[in-house]
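Colleague: Mind having a look at this structure? Questions to follow.
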Amino acid sequence: MTTLTRRTALFAAAGSLAAFGLRSRNALAQATPGPFTLPPLPYGFDANEPHIDAQTMMIHHDRHHAAYVANLNAALKDHGQVAAMPIETMLVKIGELPEALRPVVRNNGGGHANHSMFWTIMGGKGTVDGKNGPAGDLAAAITRDLGGQEQMQTAFNRAGAGQFGSGWVFVTVGRDGRLAILSKPNQDTPLMDGARVLIGNDVWEHAYYLKYQNRRPDYLAAWWNVVDWSKVNARYEAAKAGMLTL
Ligand code: MN3
């Protein structure tokens with residue numbers, strides 16, 4: 001009987017997943033020269049089924065997010081000093097950047113930051129029968145600042161549905177642990193205001209149109225079923241420790 005080393009086993013597992021098309025194909029973006037790379041989706045394209053379909057996840061991650069990364073890298077090609085900044089620094093200092101760079105950093109840098117956050121908080125099972133939800137200090141903060149999980153979700157969905165055209169809806173978190181709900185147009189992000197994002201949902205049509213067409217409120221309601229609250233709880237702790245970046 002053959003004994004596989006751990007490394008070989010990991011490669012074999014990755015290979016078999018890739019063969020089934022369940023893993024992200026980000027080889028193209030990784031081959032793009034530039035400071036930023038498309039982060040691999042941390043789960044299969046079908047991990048959020050039936051709430052978010054695999055085809056939407058594939059197009060959204062491998063094409064839309066990849067394009068933001070490629071556009072950002074192309075724009076930064078001759079701006080080495082800016083290119084060396086972490087994306088969150090670039091966004092908060094956007095007013096200090098060369099004027100010609102600002103729109104591309106705002107749109108594509110914002111897009112890269114928003115989507116990099118977005119993938120990591122999905123792939124979960126949402127809260128079922130009060131289990132797998134916000135825990136500890138985060139649960140207390142949601143009650144204190146947003147009236148509880150149910151009220152928070154309702155207000156978040158309303159803000160997302162009310163965002164005219166493309167944009168995002170966020171819960172932001174301060175260093176003091178305070179939470180707030182807000183929406184932003186296009187790829188604007190609270191990072192530009194020096195705030196930190198606890199969670200955000202993408203309300204661009206590309207995030208939901210294949211399955212939900214014009215029914216954005218249905219998408220917003222269903223999205224909670226794929227939130228991975230263990231990741232959100234960890235983001236809250238990181239934010240309070242000053243360690244949360246994107
Ligand atoms: Mn998007």
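Identifiers for the structure tokens are assigned positionally: chains receive A, B, ... in sequence, residues are indexed from 1 per chain, and ligands are indexed from 1 in the order shown.
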Show me which residues are within 9 Å of ligand 1 counting only C-alpha atoms and all ligand atoms, and format the list as an mmCIF file with N, CA and C atoms, in the first residue's frame.
Modeller:
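Heads up, here's the output in part_37.cif:
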```
data_model
loop_
_atom_site.group_PDB
_atom_site.id
_atom_site.type_symbol
_atom_site.label_atom_id
_atom_site.label_comp_id
_atom_site.auth_asym_id
_atom_site.auth_seq_id
_atom_site.Cartn_x
_atom_site.Cartn_y
_atom_site.Cartn_z
ATOM 1 N N HIS A 60 -18.553 35.801 -11.487
ATOM 2 C CA HIS A 60 -18.304 36.913 -10.563
ATOM 3 C C HIS A 60 -16.844 36.932 -10.110
ATOM 4 N N HIS A 61 -16.355 35.784 -9.687
ATOM 5 C CA HIS A 61 -14.979 35.710 -9.188
ATOM 6 C C HIS A 61 -13.950 35.699 -10.317
ATOM 7 N N HIS A 64 -15.289 39.035 -13.201
ATOM 8 C CA HIS A 64 -15.439 40.407 -12.684
ATOM 9 C C HIS A 64 -14.294 40.773 -11.738
ATOM 10 N N HIS A 65 -14.096 39.971 -10.705
ATOM 11 C CA HIS A 65 -13.028 40.307 -9.759
ATOM 12 C C HIS A 65 -11.667 40.276 -10.454
ATOM 13 N N GLY A 111 -13.064 47.770 -6.001
ATOM 14 C CA GLY A 111 -13.634 46.479 -6.402
ATOM 15 C C GLY A 111 -12.803 45.312 -5.879
ATOM 16 N N ASN A 114 -13.382 45.177 -1.999
ATOM 17 C CA ASN A 114 -14.726 44.718 -1.650
ATOM 18 C C ASN A 114 -14.899 43.219 -1.907
ATOM 19 N N HIS A 115 -14.469 42.775 -3.079
ATOM 20 C CA HIS A 115 -14.666 41.355 -3.402
ATOM 21 C C HIS A 115 -13.757 40.449 -2.562
ATOM 22 N N PHE A 118 -15.662 39.987 0.448
ATOM 23 C CA PHE A 118 -16.937 39.315 0.171
ATOM 24 C C PHE A 118 -16.804 37.791 0.152
ATOM 25 N N GLY A 167 -23.882 48.927 -6.443
ATOM 26 C CA GLY A 167 -23.238 49.332 -5.210
ATOM 27 C C GLY A 167 -23.154 48.201 -4.203
ATOM 28 N N TRP A 168 -22.931 48.591 -2.972
ATOM 29 C CA TRP A 168 -22.742 47.640 -1.878
ATOM 30 C C TRP A 168 -23.500 48.113 -0.647
ATOM 31 N N GLN A 187 -18.094 50.827 -6.648
ATOM 32 C CA GLN A 187 -17.192 50.025 -5.815
ATOM 33 C C GLN A 187 -16.646 50.844 -4.657
ATOM 34 N N ASN A 201 -22.424 43.187 1.320
ATOM 35 C CA ASN A 201 -23.039 42.398 0.251
ATOM 36 C C ASN A 201 -23.048 43.223 -1.028
ATOM 37 N N ASP A 202 -22.757 42.533 -2.115
ATOM 38 C CA ASP A 202 -22.630 43.127 -3.438
ATOM 39 C C ASP A 202 -24.024 43.192 -4.064
ATOM 40 N N VAL A 203 -24.505 44.398 -4.370
ATOM 41 C CA VAL A 203 -25.831 44.503 -4.999
ATOM 42 C C VAL A 203 -25.742 44.928 -6.470
ATOM 43 N N TRP A 204 -24.566 44.752 -7.072
ATOM 44 C CA TRP A 204 -24.475 44.883 -8.525
ATOM 45 C C TRP A 204 -25.313 43.753 -9.148
ATOM 46 N N GLU A 205 -25.921 44.019 -10.279
ATOM 47 C CA GLU A 205 -26.726 42.966 -10.921
ATOM 48 C C GLU A 205 -25.898 41.714 -11.222
ATOM 49 N N HIS A 206 -24.597 41.885 -11.488
ATOM 50 C CA HIS A 206 -23.781 40.697 -11.809
ATOM 51 C C HIS A 206 -23.722 39.709 -10.638
ATOM 52 N N ALA A 207 -24.062 40.174 -9.437
ATOM 53 C CA ALA A 207 -24.017 39.302 -8.260
ATOM 54 C C ALA A 207 -25.239 38.387 -8.158
#
```
Colleague: Which residues are near segment 138-146 of chain A? Cut-off 9 Å, only C-alpha atoms, ignore same chain within fewer than 6 positions. Put them as a PyMOL selection string.
Modeller: chain A and resi 152+155+177-181+232-233+236-237
Colleague: So which residues touch segment 47-58 of chain A within 9 Å, counting only C-alpha atoms, skipping near sequence neighbours fewer than 2 positions away, as a tab-separated table (two decimals) with all heavy atoms, in the first residue's frame?
Modeller:
```tsv
chain	number	residue	atom	x	y	z
A	22	LEU	N	-14.45	22.43	-9.76
A	22	LEU	CA	-15.06	23.01	-8.55
A	22	LEU	C	-14.19	24.07	-7.92
A	22	LEU	O	-14.63	24.81	-7.07
A	22	LEU	CB	-15.34	21.90	-7.53
A	22	LEU	CG	-16.43	20.93	-7.94
A	22	LEU	CD1	-16.52	19.79	-6.95
A	22	LEU	CD2	-17.77	21.64	-8.06
A	24	SER	N	-11.58	27.41	-8.13
A	24	SER	CA	-11.40	28.61	-8.94
A	24	SER	C	-10.19	28.48	-9.87
A	24	SER	O	-9.17	27.94	-9.48
A	24	SER	CB	-11.18	29.77	-7.99
A	24	SER	OG	-10.76	30.88	-8.71
A	25	ARG	N	-10.36	28.98	-11.06
A	25	ARG	CA	-9.22	29.03	-11.98
A	25	ARG	C	-8.70	30.46	-12.01
A	25	ARG	O	-9.24	31.30	-12.70
A	25	ARG	CB	-9.65	28.60	-13.37
A	25	ARG	CG	-10.14	27.17	-13.44
A	25	ARG	CD	-10.99	26.96	-14.64
A	25	ARG	NE	-12.07	27.95	-14.65
A	25	ARG	CZ	-12.99	27.99	-15.60
A	25	ARG	NH1	-12.96	27.17	-16.60
A	25	ARG	NH2	-13.95	28.90	-15.54
A	43	TYR	N	-13.61	28.21	-1.49
A	43	TYR	CA	-14.53	27.06	-1.55
A	43	TYR	C	-14.91	26.87	-3.00
A	43	TYR	O	-14.54	27.69	-3.86
A	43	TYR	CB	-15.78	27.33	-0.69
A	43	TYR	CG	-16.25	28.77	-0.73
A	43	TYR	CD1	-16.86	29.29	-1.87
A	43	TYR	CD2	-16.02	29.63	0.35
A	43	TYR	CE1	-17.26	30.61	-1.93
A	43	TYR	CE2	-16.42	30.96	0.29
A	43	TYR	CZ	-17.03	31.44	-0.85
A	43	TYR	OH	-17.40	32.75	-0.91
A	44	GLY	N	-15.65	25.83	-3.29
A	44	GLY	CA	-16.06	25.57	-4.66
A	44	GLY	C	-17.09	26.57	-5.15
A	44	GLY	O	-17.78	27.21	-4.34
A	45	PHE	N	-17.21	26.67	-6.47
A	45	PHE	CA	-18.21	27.59	-7.04
A	45	PHE	C	-19.63	27.24	-6.57
A	45	PHE	O	-20.50	28.10	-6.50
A	45	PHE	CB	-18.18	27.53	-8.57
A	45	PHE	CG	-16.93	28.08	-9.18
A	45	PHE	CD1	-16.18	27.33	-10.07
A	45	PHE	CD2	-16.49	29.36	-8.87
A	45	PHE	CE1	-15.03	27.84	-10.64
A	45	PHE	CE2	-15.33	29.88	-9.43
A	45	PHE	CZ	-14.60	29.11	-10.32
A	60	HIS	N	-18.55	35.80	-11.49
A	60	HIS	CA	-18.30	36.91	-10.56
A	60	HIS	C	-16.84	36.93	-10.11
A	60	HIS	O	-16.17	37.96	-10.15
A	60	HIS	CB	-19.25	36.78	-9.36
A	60	HIS	CG	-19.44	38.04	-8.58
A	60	HIS	ND1	-20.35	38.13	-7.55
A	60	HIS	CD2	-18.85	39.25	-8.66
A	60	HIS	CE1	-20.31	39.35	-7.04
A	60	HIS	NE2	-19.40	40.05	-7.69
A	61	HIS	N	-16.35	35.78	-9.69
A	61	HIS	CA	-14.98	35.71	-9.19
A	61	HIS	C	-13.95	35.70	-10.32
A	61	HIS	O	-13.04	36.53	-10.36
A	61	HIS	CB	-14.80	34.46	-8.31
A	61	HIS	CG	-13.39	34.29	-7.82
A	61	HIS	ND1	-12.43	33.61	-8.54
A	61	HIS	CD2	-12.78	34.74	-6.70
A	61	HIS	CE1	-11.29	33.64	-7.87
A	61	HIS	NE2	-11.47	34.31	-6.76
A	62	ASP	N	-14.11	34.78	-11.24
A	62	ASP	CA	-13.06	34.57	-12.24
A	62	ASP	C	-13.03	35.65	-13.31
A	62	ASP	O	-12.00	35.83	-13.97
A	62	ASP	CB	-13.25	33.22	-12.93
A	62	ASP	CG	-12.76	32.06	-12.07
A	62	ASP	OD1	-12.54	32.28	-10.86
A	62	ASP	OD2	-12.61	30.95	-12.61
A	63	ARG	N	-14.14	36.33	-13.53
A	63	ARG	CA	-14.17	37.36	-14.58
A	63	ARG	C	-14.26	38.77	-14.00
A	63	ARG	O	-13.40	39.60	-14.26
A	63	ARG	CB	-15.30	37.08	-15.56
A	63	ARG	CG	-15.10	35.71	-16.21
A	63	ARG	CD	-16.07	35.42	-17.31
A	63	ARG	NE	-16.05	34.00	-17.65
A	63	ARG	CZ	-17.00	33.39	-18.34
A	63	ARG	NH1	-18.05	34.07	-18.77
A	63	ARG	NH2	-16.91	32.10	-18.61
A	122	MET	N	-18.57	34.32	2.94
A	122	MET	CA	-19.59	33.42	2.42
A	122	MET	C	-19.08	31.97	2.49
A	122	MET	O	-18.06	31.71	3.08
A	122	MET	CB	-19.94	33.83	0.98
A	122	MET	CG	-20.60	35.20	0.93
A	122	MET	SD	-20.51	35.99	-0.69
A	122	MET	CE	-21.46	34.84	-1.66
A	123	GLY	N	-19.86	31.07	1.90
A	123	GLY	CA	-19.47	29.66	1.96
A	123	GLY	C	-19.91	29.00	3.25
A	123	GLY	O	-19.52	27.87	3.55
A	124	GLY	N	-20.75	29.68	4.03
A	124	GLY	CA	-21.24	29.13	5.29
A	124	GLY	C	-22.69	28.69	5.18
A	124	GLY	O	-23.23	28.56	4.07
A	125	LYS	N	-23.29	28.49	6.32
A	125	LYS	CA	-24.66	27.95	6.34
A	125	LYS	C	-25.65	28.91	6.96
A	125	LYS	O	-26.79	28.55	7.27
A	125	LYS	CB	-24.68	26.63	7.13
A	125	LYS	CG	-23.80	25.55	6.52
A	125	LYS	CD	-24.52	24.84	5.35
A	125	LYS	CE	-23.60	23.85	4.64
A	125	LYS	NZ	-23.19	24.31	3.31
A	206	HIS	N	-24.60	41.88	-11.49
A	206	HIS	CA	-23.78	40.70	-11.81
A	206	HIS	C	-23.72	39.71	-10.64
A	206	HIS	O	-23.37	38.55	-10.83
A	206	HIS	CB	-22.37	41.09	-12.31
A	206	HIS	CG	-21.47	41.73	-11.29
A	206	HIS	ND1	-20.69	42.84	-11.56
A	206	HIS	CD2	-21.19	41.41	-10.01
A	206	HIS	CE1	-19.99	43.16	-10.49
A	206	HIS	NE2	-20.27	42.31	-9.53
A	207	ALA	N	-24.06	40.17	-9.44
A	207	ALA	CA	-24.02	39.30	-8.26
A	207	ALA	C	-25.24	38.39	-8.16
A	207	ALA	O	-25.21	37.41	-7.41
A	207	ALA	CB	-23.90	40.15	-6.99
A	208	TYR	N	-26.30	38.72	-8.88
A	208	TYR	CA	-27.53	37.96	-8.65
A	208	TYR	C	-28.43	37.77	-9.87
A	208	TYR	O	-29.42	37.05	-9.82
A	208	TYR	CB	-28.35	38.64	-7.54
A	208	TYR	CG	-28.82	40.05	-7.83
A	208	TYR	CD1	-29.99	40.30	-8.55
A	208	TYR	CD2	-28.08	41.15	-7.40
A	208	TYR	CE1	-30.42	41.59	-8.82
A	208	TYR	CE2	-28.49	42.45	-7.67
A	208	TYR	CZ	-29.66	42.66	-8.38
A	208	TYR	OH	-30.07	43.95	-8.65
A	209	TYR	N	-28.12	38.43	-11.00
A	209	TYR	CA	-29.12	38.52	-12.07
A	209	TYR	C	-29.49	37.18	-12.71
A	209	TYR	O	-30.64	36.96	-13.08
A	209	TYR	CB	-28.66	39.51	-13.16
A	209	TYR	CG	-29.84	40.12	-13.88
A	209	TYR	CD1	-30.48	41.24	-13.36
A	209	TYR	CD2	-30.33	39.56	-15.05
A	209	TYR	CE1	-31.58	41.79	-13.99
A	209	TYR	CE2	-31.44	40.12	-15.69
A	209	TYR	CZ	-32.05	41.23	-15.15
A	209	TYR	OH	-33.15	41.77	-15.76
A	210	LEU	N	-28.53	36.26	-12.83
A	210	LEU	CA	-28.82	34.97	-13.48
A	210	LEU	C	-29.93	34.22	-12.76
A	210	LEU	O	-30.79	33.61	-13.38
A	210	LEU	CB	-27.57	34.09	-13.52
A	210	LEU	CG	-26.43	34.53	-14.43
A	210	LEU	CD1	-25.28	33.53	-14.33
A	210	LEU	CD2	-26.91	34.65	-15.87
A	211	LYS	N	-29.91	34.29	-11.42
A	211	LYS	CA	-30.89	33.53	-10.64
A	211	LYS	C	-32.09	34.38	-10.22
A	211	LYS	O	-33.21	33.89	-10.19
A	211	LYS	CB	-30.22	32.94	-9.40
A	211	LYS	CG	-31.12	32.04	-8.58
A	211	LYS	CD	-30.37	31.41	-7.41
A	211	LYS	CE	-31.30	30.58	-6.55
A	211	LYS	NZ	-31.70	29.31	-7.14
A	219	TYR	N	-32.69	38.20	-3.45
A	219	TYR	CA	-31.26	37.88	-3.34
A	219	TYR	C	-30.72	38.30	-1.98
A	219	TYR	O	-30.03	37.54	-1.30
A	219	TYR	CB	-30.49	38.56	-4.47
A	219	TYR	CG	-29.02	38.74	-4.22
A	219	TYR	CD1	-28.14	37.65	-4.24
A	219	TYR	CD2	-28.48	40.00	-3.94
A	219	TYR	CE1	-26.78	37.82	-4.00
A	219	TYR	CE2	-27.13	40.18	-3.70
A	219	TYR	CZ	-26.29	39.09	-3.72
A	219	TYR	OH	-24.96	39.25	-3.48
A	222	ALA	N	-31.89	35.93	0.67
A	222	ALA	CA	-31.29	34.59	0.55
A	222	ALA	C	-29.81	34.59	0.93
A	222	ALA	O	-29.28	33.58	1.42
A	222	ALA	CB	-31.45	34.08	-0.88
A	223	TRP	N	-29.14	35.71	0.72
A	223	TRP	CA	-27.70	35.79	0.97
A	223	TRP	C	-27.32	35.42	2.40
A	223	TRP	O	-26.28	34.81	2.64
A	223	TRP	CB	-27.21	37.21	0.64
A	223	TRP	CG	-25.75	37.43	0.85
A	223	TRP	CD1	-24.72	37.00	0.05
A	223	TRP	CD2	-25.13	38.14	1.95
A	223	TRP	NE1	-23.52	37.41	0.58
A	223	TRP	CE2	-23.74	38.11	1.73
A	223	TRP	CE3	-25.64	38.80	3.07
A	223	TRP	CZ2	-22.83	38.70	2.61
A	223	TRP	CZ3	-24.73	39.40	3.95
A	223	TRP	CH2	-23.34	39.35	3.72
A	225	ASN	N	-28.29	33.10	4.09
A	225	ASN	CA	-28.18	31.65	4.23
A	225	ASN	C	-26.78	31.11	3.92
A	225	ASN	O	-26.51	29.93	4.14
A	225	ASN	CB	-29.18	30.95	3.30
A	225	ASN	CG	-30.61	31.22	3.71
A	225	ASN	OD1	-30.96	31.11	4.87
A	225	ASN	ND2	-31.44	31.59	2.75
A	226	VAL	N	-25.92	31.94	3.35
A	226	VAL	CA	-24.57	31.47	3.01
A	226	VAL	C	-23.49	32.20	3.80
A	226	VAL	O	-22.30	31.98	3.60
A	226	VAL	CB	-24.29	31.58	1.49
A	226	VAL	CG1	-25.33	30.79	0.70
A	226	VAL	CG2	-24.23	33.03	1.02
```
Colleague: Which one is closest to Ala66 of chain A: A:Leu182, A:Val92, A:Val82, A:Leu38? Count only C-alpha atoms.
Modeller: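 The closest residue to Ala66 of chain A is A:Leu38.
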Colleague: As a list of chain:residue names, which residues of segment 30-232 of chain A does DSSP assign to strand (DSSP E)?
Modeller: A:Gly167, A:Trp168, A:Val169, A:Phe170, A:Val171, A:Thr172, A:Val173, A:Leu179, A:Ala180, A:Ile181, A:Leu182, A:Ser183, A:Lys184, A:Pro185, A:Arg196, A:Val197, A:Leu198, A:Ile199, A:Gly200, A:Asn201, A:Asp202
Colleague: Quick one: everything within 12 Å of Thr127 of chain A, counting only C-alpha atoms, minus sequence neighbours fewer than 6 positions away in the same chain. Send it as a list of chain:residue names.
Modeller: A:Gly133, A:Pro134, A:Ala135, A:Gln149, A:Glu150, A:Gln153, A:Ala222, A:Trp223, A:Trp224, A:Asn225, A:Val226, A:Val227, A:Asp228, A:Trp229, A:Ser230
Colleague: What's the 9 Å shell around Leu220 of chain A, counting only C-alpha atoms, without same-chain residues fewer than 6 positions away, as a list in words?
Modeller: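 Everything that qualifies: Phe156, Asn157, Arg158, Gly160, Ala161, Asn201 and Val203 of chain A.
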Colleague: Using DSSP on the backbone, list every residue of segment 34-238 of chain A that comes out as helix (DSSP H, G or I), and give them as number ranges by chain.
Modeller: A: 45-48, 54-75, 80-83, 87-92, 94-96, 99-120, 136-146, 149-162, 190-193, 205-207, 209-212, 216-226, 229-238
Colleague: Could you list, as a PyMOL selection string, every residue within 12 Å of Ile94 of chain A, counting only C-alpha atoms and ignoring same-chain residues fewer than 4 positions away?
Modeller: chain A and resi 82+85+87-90+98-107+109-110+188-189+191-194
Colleague: Let me see the file: selected residues, N, CA, C and O atoms, as a compact mmCIF listing (two decimals), in the first residue's frame.
Modeller:
```
# COMPACT_ATOMS: atom_id res chain seq x y z
N VAL A 82 3.10 54.08 -5.46
CA VAL A 82 1.70 53.80 -5.12
C VAL A 82 1.47 52.29 -5.09
O VAL A 82 0.79 51.76 -4.20
N MET A 85 1.86 50.26 -1.93
CA MET A 85 0.95 50.40 -0.79
C MET A 85 -0.01 49.22 -0.69
O MET A 85 -0.46 48.72 -1.72
N ILE A 87 -3.69 47.77 -0.37
CA ILE A 87 -4.86 48.33 -1.03
C ILE A 87 -5.66 49.25 -0.09
O ILE A 87 -6.17 50.30 -0.51
N GLU A 88 -5.74 48.90 1.20
CA GLU A 88 -6.54 49.73 2.11
C GLU A 88 -5.88 51.10 2.33
O GLU A 88 -6.57 52.10 2.54
N THR A 89 -4.55 51.14 2.26
CA THR A 89 -3.83 52.41 2.38
C THR A 89 -4.07 53.26 1.13
O THR A 89 -4.31 54.47 1.21
N MET A 90 -3.99 52.61 -0.02
CA MET A 90 -4.23 53.30 -1.29
C MET A 90 -5.62 53.94 -1.31
O MET A 90 -5.79 55.06 -1.78
N PRO A 98 -1.77 60.62 -7.48
CA PRO A 98 -1.81 61.38 -8.73
C PRO A 98 -3.24 61.36 -9.29
O PRO A 98 -3.89 60.32 -9.29
N GLU A 99 -3.68 62.53 -9.74
CA GLU A 99 -5.08 62.68 -10.11
C GLU A 99 -5.54 61.66 -11.15
O GLU A 99 -6.67 61.15 -11.07
N ALA A 100 -4.66 61.36 -12.09
CA ALA A 100 -5.03 60.42 -13.16
C ALA A 100 -5.30 59.02 -12.63
O ALA A 100 -6.00 58.22 -13.26
N LEU A 101 -4.72 58.70 -11.47
CA LEU A 101 -4.87 57.35 -10.91
C LEU A 101 -6.15 57.19 -10.10
O LEU A 101 -6.61 56.07 -9.87
N ARG A 102 -6.70 58.31 -9.63
CA ARG A 102 -7.79 58.22 -8.64
C ARG A 102 -9.00 57.43 -9.12
O ARG A 102 -9.48 56.56 -8.39
N PRO A 103 -9.50 57.70 -10.33
CA PRO A 103 -10.70 56.93 -10.74
C PRO A 103 -10.44 55.43 -10.82
O PRO A 103 -11.29 54.63 -10.40
N VAL A 104 -9.30 55.03 -11.33
CA VAL A 104 -9.04 53.60 -11.50
C VAL A 104 -8.81 52.92 -10.14
O VAL A 104 -9.22 51.78 -9.93
N VAL A 105 -8.20 53.64 -9.21
CA VAL A 105 -8.01 53.07 -7.86
C VAL A 105 -9.36 52.99 -7.15
O VAL A 105 -9.68 51.98 -6.51
N ARG A 106 -10.14 54.03 -7.30
CA ARG A 106 -11.46 54.04 -6.66
C ARG A 106 -12.33 52.89 -7.18
O ARG A 106 -12.93 52.14 -6.40
N ASN A 107 -12.39 52.73 -8.50
CA ASN A 107 -13.27 51.72 -9.09
C ASN A 107 -12.69 50.31 -9.00
O ASN A 107 -13.36 49.38 -8.56
N GLY A 109 -9.56 49.37 -7.52
CA GLY A 109 -9.00 49.08 -6.20
C GLY A 109 -10.12 48.83 -5.20
O GLY A 109 -10.06 47.91 -4.38
N GLY A 110 -11.16 49.65 -5.28
CA GLY A 110 -12.33 49.43 -4.43
C GLY A 110 -12.97 48.09 -4.72
O GLY A 110 -13.34 47.34 -3.82
N ASP A 188 -17.33 51.91 -4.30
CA ASP A 188 -16.88 52.69 -3.14
C ASP A 188 -16.95 51.81 -1.89
O ASP A 188 -17.79 50.90 -1.79
N THR A 189 -16.07 52.08 -0.97
CA THR A 189 -15.96 51.25 0.23
C THR A 189 -15.74 52.13 1.46
O THR A 189 -15.09 53.18 1.34
N LEU A 191 -13.64 51.74 3.51
CA LEU A 191 -12.18 51.84 3.69
C LEU A 191 -11.68 53.22 3.24
O LEU A 191 -10.70 53.73 3.78
N MET A 192 -12.37 53.82 2.26
CA MET A 192 -11.99 55.15 1.78
C MET A 192 -12.19 56.21 2.86
O MET A 192 -11.57 57.27 2.82
N ASP A 193 -13.09 55.93 3.80
CA ASP A 193 -13.35 56.86 4.90
C ASP A 193 -12.53 56.51 6.14
O ASP A 193 -12.75 57.08 7.21
N GLY A 194 -11.65 55.53 6.00
CA GLY A 194 -10.85 55.09 7.14
C GLY A 194 -11.60 54.17 8.07
O GLY A 194 -11.11 53.84 9.15
```
Colleague: Tell me, in Å to one decimal, how far atom CA of Pro86 of chain A is from atom CA of Ser183 of chain A.
Modeller: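 Value for the atom CA of Pro86 of chain A-atom CA of Ser183 of chain A distance: 23.5 Å.
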Colleague: Check the smallest atom-to-atom distance from each of A:Asn132, A:Arg216, A:Val197, A:Thr37 to Gly165 of chain A using only C-alpha atoms, then report the winner.
Modeller: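 Among A:Asn132, A:Arg216, A:Val197, A:Thr37, it is A:Arg216 that comes nearest to Gly165 of chain A.
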Colleague: May I ask for the distance between atom CA of Ala67 of chain A and atom CA of Leu41 of chain A, given in Å to one decimal place?
Modeller: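 Taking atom CA of Ala67 of chain A as the start and atom CA of Leu41 of chain A as the end point, the length is 15.0 Å.
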Colleague: Between A:Pro190, A:Pro35, A:Pro42, A:Gly162, single out the one closest to Gln81 of chain A, counting only C-alpha atoms.
Modeller: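 Closest candidate: A:Pro35.
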